[in-house]
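Q: Please find target24.csv (CSV, C-alpha atoms) on the next line:
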chain,number,residue,atom,x,y,z
N,1,MET,CA,-48.4,-72.8,49.2
N,2,ILE,CA,-45.2,-74.3,50.4
N,3,GLY,CA,-45.4,-77.1,47.8
N,4,ARG,CA,-45.7,-74.6,45.0
N,5,LEU,CA,-42.9,-72.5,46.3
N,6,LEU,CA,-40.7,-75.7,46.6
N,7,THR,CA,-41.7,-76.7,43.0
N,8,ALA,CA,-40.5,-73.3,41.7
N,9,ALA,CA,-37.2,-73.5,43.8
N,10,LEU,CA,-36.5,-77.1,42.7
N,11,LEU,CA,-37.3,-76.5,39.0
N,12,SER,CA,-35.2,-73.4,38.7
N,13,GLY,CA,-32.4,-74.6,40.9
N,14,VAL,CA,-31.9,-78.0,39.2
N,15,SER,CA,-32.0,-76.3,35.8
N,16,ALA,CA,-29.5,-73.7,36.8
N,17,GLY,CA,-27.2,-76.3,38.4
N,18,VAL,CA,-27.2,-78.4,35.2
N,19,ALA,CA,-26.6,-75.3,33.0
N,20,VAL,CA,-23.7,-74.1,35.1
N,21,SER,CA,-22.1,-77.6,35.0
N,22,VAL,CA,-22.0,-77.4,31.2
N,23,VAL,CA,-20.5,-73.9,31.4
N,24,GLN,CA,-17.9,-75.0,34.0
N,25,GLU,CA,-16.6,-77.7,31.8
N,26,PHE,CA,-15.3,-75.0,29.5
N,27,THR,CA,-14.4,-72.3,32.0
N,28,THR,CA,-13.3,-73.3,35.6
N,29,ALA,CA,-12.9,-77.1,35.3
N,30,PRO,CA,-9.9,-77.1,32.9
N,31,ILE,CA,-8.1,-74.5,35.1
N,32,ILE,CA,-8.7,-76.5,38.3
N,33,LEU,CA,-7.2,-79.6,36.6
N,34,HIS,CA,-4.3,-77.6,35.3
N,35,ALA,CA,-3.7,-76.0,38.7
N,36,GLU,CA,-3.7,-79.4,40.4
N,37,GLU,CA,-0.8,-80.4,38.2
N,38,TYR,CA,1.3,-77.6,39.7
N,39,GLU,CA,-0.1,-78.4,43.1
N,40,ARG,CA,1.2,-82.0,42.8
N,41,LEU,CA,4.5,-80.7,41.6
N,42,GLY,CA,4.7,-78.4,44.6
N,43,ALA,CA,3.8,-81.2,47.0
N,44,SER,CA,6.4,-83.5,45.7
N,45,GLY,CA,9.4,-81.3,45.1
N,46,HIS,CA,8.9,-77.8,46.3
N,47,ALA,CA,8.3,-78.0,50.0
N,48,ALA,CA,9.5,-74.4,50.4
N,49,LEU,CA,6.1,-73.4,49.2
N,50,VAL,CA,4.7,-74.5,52.6
N,51,TRP,CA,5.8,-72.2,55.4
N,52,ALA,CA,4.6,-70.2,58.3
N,53,ASP,CA,5.3,-66.6,59.1
N,54,ASP,CA,6.2,-66.4,62.8
N,55,ALA,CA,6.7,-62.6,62.6
N,56,THR,CA,3.1,-61.8,61.7
N,57,GLY,CA,1.6,-64.9,63.3
N,58,GLY,CA,0.0,-65.7,60.0
N,59,ARG,CA,-1.0,-69.2,59.2
N,60,PHE,CA,-0.5,-70.4,55.7
N,61,HIS,CA,-0.8,-73.7,54.1
N,62,LEU,CA,-0.6,-75.1,50.6
N,63,ALA,CA,-4.1,-76.2,49.8
N,64,HIS,CA,-4.4,-80.0,49.7
N,65,ASP,CA,-1.0,-80.3,51.2
N,66,GLY,CA,0.0,-83.2,49.0
N,67,GLU,CA,-3.3,-85.0,49.2
N,68,ALA,CA,-4.4,-85.9,45.7
N,69,HIS,CA,-7.9,-86.4,44.4
N,70,ASP,CA,-7.2,-89.8,42.9
N,71,GLY,CA,-7.0,-91.6,46.2
N,72,GLY,CA,-3.8,-90.2,47.5
N,73,GLY,CA,-5.4,-88.8,50.7
N,74,ASP,CA,-6.9,-90.8,53.5
N,75,ALA,CA,-10.5,-89.8,52.9
N,76,TRP,CA,-12.7,-90.9,50.1
N,77,ALA,CA,-12.6,-88.8,46.9
N,78,PRO,CA,-14.2,-89.3,43.5
N,79,GLU,CA,-12.0,-90.8,40.9
N,80,ASP,CA,-10.8,-88.4,38.2
N,81,GLY,CA,-12.9,-88.5,35.1
N,82,LEU,CA,-16.6,-89.4,34.9
N,83,GLU,CA,-17.0,-90.0,38.6
N,84,ARG,CA,-15.6,-86.7,39.6
N,85,THR,CA,-17.7,-84.9,37.0
N,86,VAL,CA,-20.9,-86.7,38.2
N,87,PHE,CA,-20.2,-85.5,41.8
N,88,THR,CA,-19.4,-82.0,40.6
N,89,VAL,CA,-22.7,-81.9,38.7
N,90,MET,CA,-24.5,-83.1,41.9
N,91,ALA,CA,-22.8,-80.4,44.0
N,92,ASN,CA,-23.8,-77.8,41.4
N,93,ILE,CA,-27.4,-79.0,41.5
N,94,ILE,CA,-27.5,-78.8,45.3
N,95,ALA,CA,-26.0,-75.3,45.1
N,96,GLY,CA,-28.6,-74.4,42.5
N,97,VAL,CA,-31.5,-75.6,44.6
N,98,ALA,CA,-30.0,-73.8,47.7
N,99,TYR,CA,-29.7,-70.5,45.9
N,100,GLY,CA,-33.1,-71.2,44.2
N,101,ALA,CA,-34.8,-71.6,47.5
N,102,LEU,CA,-33.3,-68.4,48.8
N,103,LEU,CA,-34.3,-66.6,45.7
N,104,ILE,CA,-37.9,-67.8,45.7
N,105,ALA,CA,-38.0,-67.0,49.5
N,106,ALA,CA,-36.9,-63.5,48.6
N,107,PHE,CA,-39.6,-63.2,45.9
N,108,HIS,CA,-42.3,-64.3,48.4
N,109,LEU,CA,-41.0,-62.1,51.2
N,110,ARG,CA,-41.2,-59.1,48.8
N,111,GLY,CA,-44.7,-60.2,47.8
N,112,ALA,CA,-44.7,-58.4,44.4
N,113,ALA,CA,-45.3,-59.7,40.9
N,114,VAL,CA,-42.3,-61.3,39.3
N,115,ASP,CA,-41.7,-62.6,35.8
N,116,GLY,CA,-38.6,-63.7,33.8
N,117,ARG,CA,-37.3,-60.2,33.3
N,118,THR,CA,-37.6,-59.0,36.8
N,119,GLY,CA,-36.4,-62.4,37.9
N,120,LEU,CA,-33.2,-61.8,35.9
N,121,MET,CA,-32.7,-58.5,37.8
N,122,TRP,CA,-33.1,-60.4,41.1
N,123,GLY,CA,-30.6,-62.9,39.8
N,124,VAL,CA,-28.0,-60.2,39.0
N,125,ALA,CA,-28.5,-58.9,42.6
N,126,GLY,CA,-27.9,-62.4,43.8
N,127,PHE,CA,-24.7,-62.5,41.7
N,128,VAL,CA,-23.5,-59.3,43.3
N,129,ALA,CA,-24.3,-60.5,46.8
N,130,PHE,CA,-23.0,-64.1,46.5
N,131,ALA,CA,-20.3,-63.8,43.9
N,132,VAL,CA,-19.0,-60.3,43.4
N,133,ALA,CA,-18.9,-59.1,47.1
N,134,PRO,CA,-17.3,-62.2,48.6
N,135,SER,CA,-14.8,-62.3,45.7
N,136,LEU,CA,-13.6,-58.8,46.3
N,137,GLY,CA,-12.2,-59.9,49.7
N,138,LEU,CA,-11.6,-63.5,49.0
N,139,PRO,CA,-10.9,-64.0,45.3
N,140,PRO,CA,-12.0,-67.5,44.0
N,141,GLU,CA,-9.1,-69.8,45.0
N,142,THR,CA,-7.2,-71.8,42.5
N,143,PRO,CA,-6.3,-75.2,44.0
N,144,GLY,CA,-2.9,-74.9,45.7
N,145,ALA,CA,-3.1,-71.2,46.6
N,146,MET,CA,-2.1,-69.9,50.0
N,147,ALA,CA,-4.9,-68.5,52.2
N,148,ALA,CA,-5.7,-67.5,55.7
N,149,GLU,CA,-7.3,-69.9,58.1
N,150,LEU,CA,-10.4,-71.5,56.7
N,151,GLY,CA,-12.9,-70.8,59.5
N,152,ALA,CA,-12.2,-67.1,59.4
N,153,ARG,CA,-12.6,-67.0,55.6
N,154,GLN,CA,-15.9,-68.9,55.8
N,155,LEU,CA,-17.2,-66.5,58.4
N,156,TRP,CA,-16.2,-63.4,56.4
N,157,TRP,CA,-17.7,-64.9,53.2
N,158,ALA,CA,-21.0,-65.5,54.8
N,159,PHE,CA,-20.9,-62.0,56.4
N,160,ALA,CA,-20.1,-60.4,53.1
N,161,ALA,CA,-22.9,-62.2,51.3
N,162,ALA,CA,-25.6,-61.6,53.9
N,163,SER,CA,-24.6,-58.0,54.5
N,164,THR,CA,-24.6,-57.3,50.7
N,165,ALA,CA,-27.9,-59.0,50.2
N,166,ALA,CA,-29.5,-57.1,53.0
N,167,GLY,CA,-27.9,-53.9,51.8
N,168,LEU,CA,-29.1,-54.3,48.2
N,169,TRP,CA,-32.6,-55.0,49.5
N,170,LEU,CA,-32.6,-51.7,51.5
N,171,LEU,CA,-31.0,-49.7,48.8
N,172,LEU,CA,-33.2,-50.9,45.9
N,173,LEU,CA,-36.5,-51.8,47.6
N,174,ALA,CA,-36.9,-49.6,50.7
N,175,GLU,CA,-38.9,-46.4,50.3
N,176,ARG,CA,-37.3,-44.3,53.0
N,177,ARG,CA,-34.2,-42.4,52.2
N,178,ALA,CA,-32.5,-43.3,55.5
N,179,LEU,CA,-33.0,-47.0,54.8
N,180,ASN,CA,-31.4,-46.6,51.3
N,181,VAL,CA,-28.4,-45.0,52.9
N,182,LEU,CA,-28.2,-47.8,55.5
N,183,GLY,CA,-28.3,-50.2,52.5
N,184,VAL,CA,-25.1,-48.6,51.1
N,185,ALA,CA,-23.5,-48.8,54.5
N,186,LEU,CA,-24.3,-52.5,54.7
N,187,ILE,CA,-22.8,-53.1,51.3
N,188,VAL,CA,-19.6,-51.3,52.2
N,189,LEU,CA,-19.3,-52.8,55.8
N,190,PRO,CA,-17.7,-56.2,55.0
N,191,HIS,CA,-15.0,-54.5,53.0
N,192,ALA,CA,-14.4,-51.9,55.7
N,193,VAL,CA,-14.0,-54.7,58.2
N,194,GLY,CA,-11.8,-56.5,55.8
N,195,ALA,CA,-11.4,-60.1,54.8
N,196,PRO,CA,-8.9,-62.4,56.5
N,197,TYR,CA,-5.7,-62.0,54.6
N,198,PRO,CA,-2.6,-64.2,54.7
N,199,GLY,CA,0.5,-62.3,55.7
N,200,ASP,CA,2.1,-63.5,52.5
N,201,ILE,CA,0.6,-64.6,49.3
N,202,GLY,CA,1.6,-67.2,46.9
N,203,GLY,CA,0.7,-70.6,45.6
N,204,ALA,CA,1.6,-73.6,43.5
N,205,ALA,CA,0.0,-72.4,40.3
N,206,PRO,CA,1.4,-69.5,38.3
N,207,PRO,CA,-0.3,-66.2,39.0
N,208,GLU,CA,-1.5,-66.0,35.4
N,209,LEU,CA,-3.4,-69.2,35.9
N,210,ALA,CA,-4.9,-68.0,39.2
N,211,GLY,CA,-5.9,-64.8,37.4
N,212,ARG,CA,-7.7,-66.7,34.7
N,213,PHE,CA,-9.5,-68.8,37.3
N,214,VAL,CA,-10.8,-65.7,39.1
N,215,ALA,CA,-12.2,-64.3,35.9
N,216,ALA,CA,-13.6,-67.7,34.9
N,217,SER,CA,-15.3,-68.2,38.2
N,218,ILE,CA,-16.9,-64.8,38.3
N,219,ALA,CA,-18.1,-65.0,34.7
N,220,THR,CA,-19.5,-68.4,35.3
N,221,GLY,CA,-21.2,-67.1,38.4
N,222,LEU,CA,-22.9,-64.4,36.3
N,223,VAL,CA,-24.2,-67.1,33.9
N,224,PHE,CA,-25.5,-69.2,36.8
N,225,TRP,CA,-27.3,-66.3,38.5
N,226,SER,CA,-28.8,-65.0,35.2
N,227,VAL,CA,-30.2,-68.5,34.4
N,228,LEU,CA,-31.4,-69.0,38.0
N,229,GLY,CA,-33.0,-65.5,38.2
N,230,TRP,CA,-34.8,-65.8,34.9
N,231,LEU,CA,-36.0,-69.3,35.5
N,232,GLY,CA,-36.8,-68.5,39.1
N,233,GLY,CA,-38.9,-65.6,38.0
N,234,ARG,CA,-40.7,-67.7,35.4
N,235,SER,CA,-41.3,-70.5,37.9
N,236,TYR,CA,-42.5,-68.2,40.6
N,237,GLU,CA,-44.9,-66.6,38.2
N,238,ARG,CA,-46.2,-69.8,36.9
N,239,PHE,CA,-46.4,-72.0,40.0
N,240,VAL,CA,-47.1,-69.4,42.7
N,241,LEU,CA,-48.7,-66.4,41.1
N,242,ARG,CA,-50.7,-68.2,38.4
N,243,PRO,CA,-51.1,-71.8,39.7
N,244,GLU,CA,-54.3,-72.3,37.7
N,245,ALA,CA,-52.3,-71.9,34.5
N,246,ALA,CA,-50.0,-74.7,35.6
N,247,GLY,CA,-52.9,-76.9,36.4
N,248,ALA,CA,-51.9,-77.0,40.1
M,1,MET,CA,-55.6,-63.1,35.1
M,2,SER,CA,-55.1,-59.3,35.0
M,3,ASP,CA,-52.3,-57.7,36.9
M,4,HIS,CA,-54.8,-56.2,39.2
M,5,VAL,CA,-56.2,-59.5,40.2
M,6,LEU,CA,-52.7,-61.0,40.3
M,7,LYS,CA,-51.5,-58.3,42.8
M,8,ALA,CA,-54.7,-58.8,44.8
M,9,SER,CA,-54.0,-62.5,45.1
M,10,ILE,CA,-50.6,-61.9,46.7
M,11,ALA,CA,-51.7,-59.0,48.7
M,12,ALA,CA,-54.6,-61.0,50.1
M,13,GLN,CA,-52.1,-63.0,52.0
M,14,THR,CA,-50.9,-61.1,55.1
M,15,ALA,CA,-47.2,-60.8,55.8
M,16,ALA,CA,-47.7,-63.2,58.6
M,17,GLU,CA,-49.2,-65.8,56.3
M,18,ARG,CA,-46.2,-65.4,54.0
M,19,ALA,CA,-43.7,-65.5,56.8
M,20,LEU,CA,-43.9,-69.2,57.5
M,21,PRO,CA,-43.3,-70.5,53.9
M,22,VAL,CA,-40.6,-67.8,53.5
M,23,ALA,CA,-38.8,-69.0,56.7
M,24,VAL,CA,-39.1,-72.7,55.7
M,25,LEU,CA,-37.7,-72.0,52.2
M,26,ALA,CA,-34.9,-69.8,53.5
M,27,LEU,CA,-33.8,-72.4,56.1
M,28,LEU,CA,-33.8,-75.1,53.5
M,29,GLY,CA,-31.7,-72.9,51.2
M,30,LEU,CA,-29.2,-72.1,54.0
M,31,PHE,CA,-29.0,-75.8,55.1
M,32,LEU,CA,-28.2,-76.9,51.5
M,33,LEU,CA,-25.8,-74.0,51.0
M,34,TYR,CA,-24.0,-75.0,54.2
M,35,GLY,CA,-23.7,-78.6,53.2
M,36,VAL,CA,-22.5,-78.0,49.7
M,37,GLY,CA,-20.2,-75.0,50.4
M,38,PHE,CA,-19.1,-75.0,54.0
M,39,ALA,CA,-19.4,-78.4,55.7
M,40,GLN,CA,-16.0,-79.8,56.6
M,41,PRO,CA,-16.2,-83.7,56.5
M,42,GLU,CA,-13.4,-84.7,54.1
M,43,ALA,CA,-15.5,-86.9,51.9
M,44,LEU,CA,-18.2,-84.2,51.5
M,45,HIS,CA,-15.5,-81.6,50.7
M,46,ASN,CA,-13.9,-83.9,48.1
M,47,ALA,CA,-17.2,-84.7,46.5
M,48,ALA,CA,-18.2,-81.0,46.2
M,49,HIS,CA,-14.6,-79.8,45.6
M,50,ASP,CA,-14.7,-78.5,42.0
M,51,GLY,CA,-18.1,-76.9,42.6
M,52,ARG,CA,-16.8,-75.2,45.7
M,53,HIS,CA,-13.9,-73.7,43.8
M,54,ALA,CA,-16.0,-72.7,40.9
M,55,PHE,CA,-18.6,-71.0,43.1
M,56,ALA,CA,-15.8,-69.3,45.0
M,57,PHE,CA,-16.6,-70.7,48.4
M,58,PRO,CA,-13.5,-70.7,50.7
M,59,CYS,CA,-12.0,-74.1,50.3
M,60,HIS,CA,-9.4,-76.1,52.2
Could you express the structure from this file as structure tokens?
A:
Amino acid sequence: MIGRLLTAALLSGVSAGVAVSVVQEFTTAPIILHAEEYERLGASGHAALVWADDATGGRFHLAHDGEAHDGGGDAWAPEDGLERTVFTVMANIIAGVAYGALLIAAFHLRGAAVDGRTGLMWGVAGFVAFAVAPSLGLPPETPGAMAAELGARQLWWAFAAASTAAGLWLLLLAERRALNVLGVALIVLPHAVGAPYPGDIGGAAPPELAGRFVAASIATGLVFWSVLGWLGGRSYERFVLRPEAAGA
Amino acid sequence: MSDHVLKASIAAQTAAERALPVAVLALLGLFLLYGVGFAQPEALHNAAHDGRHAFAFPCH
């Protein structure tokens, strides 16, 4: 059973990772490269962009802080161009398999029939939990943007995703009214708690560019989750529910 | 296979029988998600950089 579940997760995850890589080339990737031009500009001649607010105790930093992707920093980084693209595609595929495994695990936990269409609906729920909800508190960051301390942001991101996923499950799948209500509460909770917020906001790239990046990231996320959901549903149906049809 | 038989084939497995594969798969997913989206080693961060930004993981 675990082998067939893994097959479904791998197949849908790798495919969705490759598909989102193609979409990113036209949506987020050009904006990231553009923002990094401003970032380098800021690092070289606009040191005033990096500052700390003693009054609020906030911690800000200019992302990258002058470290460039083309070998300017101490640590290894892929060379711009083909090498960088290859590593981005690999990262996307790993993210695809990660989300694919979680999605197939959710199908199996639910234990109901799934096909491409219902899979798509699960995918949209995944999009809400892992893209929309975290983005509401922590908008997708353009390189060079100021932000609160990383660990706190990561913690809130994971909290928002997990709470929203659990909340959607209870809201949409639980049969008792009280659990539906609890589901709504879990969806609202991360935003009532509030995401870590820098005392002041700003960044190297113009706000218009940052705005475009947020829209591009969220729209790209919807494409990814739709593809993953549909393929995940098809794969689960074929490899787990009807293994004899797949010759397994 | 009819929907009836299909449902029976899933329902035939108890929740406990499904729990182990669900847990294995979920842990694998979380492990990979941590590696690609959260882990801090500089080289790992740089390799996954554009993907992290595009997937809206907190970065830097």
Q: I'd like the contact shell of Trp76 of chain N - 9 Å cut-off, only C-alpha atoms, skipping same-chain residues fewer than 6 positions apart - returned as a CSV table (one decimal) with C-alpha atoms, in the coordinates of the input.
A:
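selection.csv was written with the following content:
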chain,number,residue,atom,x,y,z
N,69,HIS,CA,-7.9,-86.4,44.4
M,42,GLU,CA,-13.4,-84.7,54.1
M,43,ALA,CA,-15.5,-86.9,51.9
M,44,LEU,CA,-18.2,-84.2,51.5
M,46,ASN,CA,-13.9,-83.9,48.1
M,47,ALA,CA,-17.2,-84.7,46.5
Q: Taking only residues of chain N that have an atom at most 6 Å from an atom of chain M, what is each one's shortest atom pair and its distance in Å to one decimal, using all atoms listed in the file, in chain and number order, as CSV?
A:
residue,atom,partner,partner_atom,distance
N:Ile2,CA,M:Pro21,CA,5.5
N:Thr28,CA,M:Ala54,CA,6.0
N:Ala63,CA,M:His60,CA,5.8
N:Ala75,CA,M:Ala43,CA,5.9
N:Trp76,CA,M:Ala43,CA,5.2
N:Ala77,CA,M:Asn46,CA,5.2
N:Phe87,CA,M:Ala47,CA,5.6
N:Thr88,CA,M:Gly51,CA,5.6
N:Ala91,CA,M:Ala48,CA,5.1
N:Asn92,CA,M:Gly51,CA,5.9
N:Ala98,CA,M:Gly29,CA,4.0
N:Ala101,CA,M:Gly29,CA,5.0
N:Leu102,CA,M:Ala26,CA,5.2
N:Ala105,CA,M:Val22,CA,4.8
N:Pro140,CA,M:Ala56,CA,4.3
N:Gln154,CA,M:Pro58,CA,5.9
N:Ser217,CA,M:Ala54,CA,5.3
Q: Keeping only C-alpha atoms, write the selected residues as a tab-separated table (two decimals), in the coordinates of the input.
A:
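The resulting out-v5.tsv:
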chain	number	residue	atom	x	y	z
N	2	ILE	CA	-45.20	-74.30	50.40
N	28	THR	CA	-13.30	-73.30	35.60
N	63	ALA	CA	-4.10	-76.20	49.80
N	75	ALA	CA	-10.50	-89.80	52.90
N	76	TRP	CA	-12.70	-90.90	50.10
N	77	ALA	CA	-12.60	-88.80	46.90
N	87	PHE	CA	-20.20	-85.50	41.80
N	88	THR	CA	-19.40	-82.00	40.60
N	91	ALA	CA	-22.80	-80.40	44.00
N	92	ASN	CA	-23.80	-77.80	41.40
N	98	ALA	CA	-30.00	-73.80	47.70
N	101	ALA	CA	-34.80	-71.60	47.50
N	102	LEU	CA	-33.30	-68.40	48.80
N	105	ALA	CA	-38.00	-67.00	49.50
N	140	PRO	CA	-12.00	-67.50	44.00
N	154	GLN	CA	-15.90	-68.90	55.80
N	217	SER	CA	-15.30	-68.20	38.20
Q: Dig up all the protein and nucleic acid residues within 6 Å of (-12.3, -66.2, 50.2) in the file frame, using all atoms listed in the file, and format them as a VMD selection string.
A: (chain N and resid 138 to 139 153) or (chain M and resid 58)
Q: Could you state the separation of atom CA of Leu172 of chain N and atom CA of Gly100 of chain N in Å, given to one decimal place?
A: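 It comes out at 20.4 Å.
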Q: Atom CA of Val86 of chain N and atom CA of Phe26 of chain N, how far apart in Å?
A: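 Separating atom CA of Phe26 of chain N from atom CA of Val86 of chain N is a distance of 15.6 Å.
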Q: Show me the residues close to (-39.3, -77.5, 39.4) - anything with an atom within 10 Å, counting all atoms listed in the file - and format the list as a ChimeraX atom specification.
A: /N:4-15,97,231-232,235-236,239
Q: Rounded to one decimal place, report the atom CA of Leu241 of chain N-atom CA of Gly229 of chain N distance in Å.
A: 16.0 Å
Q: Nearest to Val18 of chain N: which of N:Leu120, N:Asn180, N:Gly42, N:Val89 is it, counting all atoms listed in the file?
A: N:Val89
Q: Please determine, counting only C-alpha atoms, which residue among N:Val128, N:Ala95, N:Ala161, N:Ala174 has the shortest atom-to-atom distance to Arg110 of chain N.
A: N:Ala174
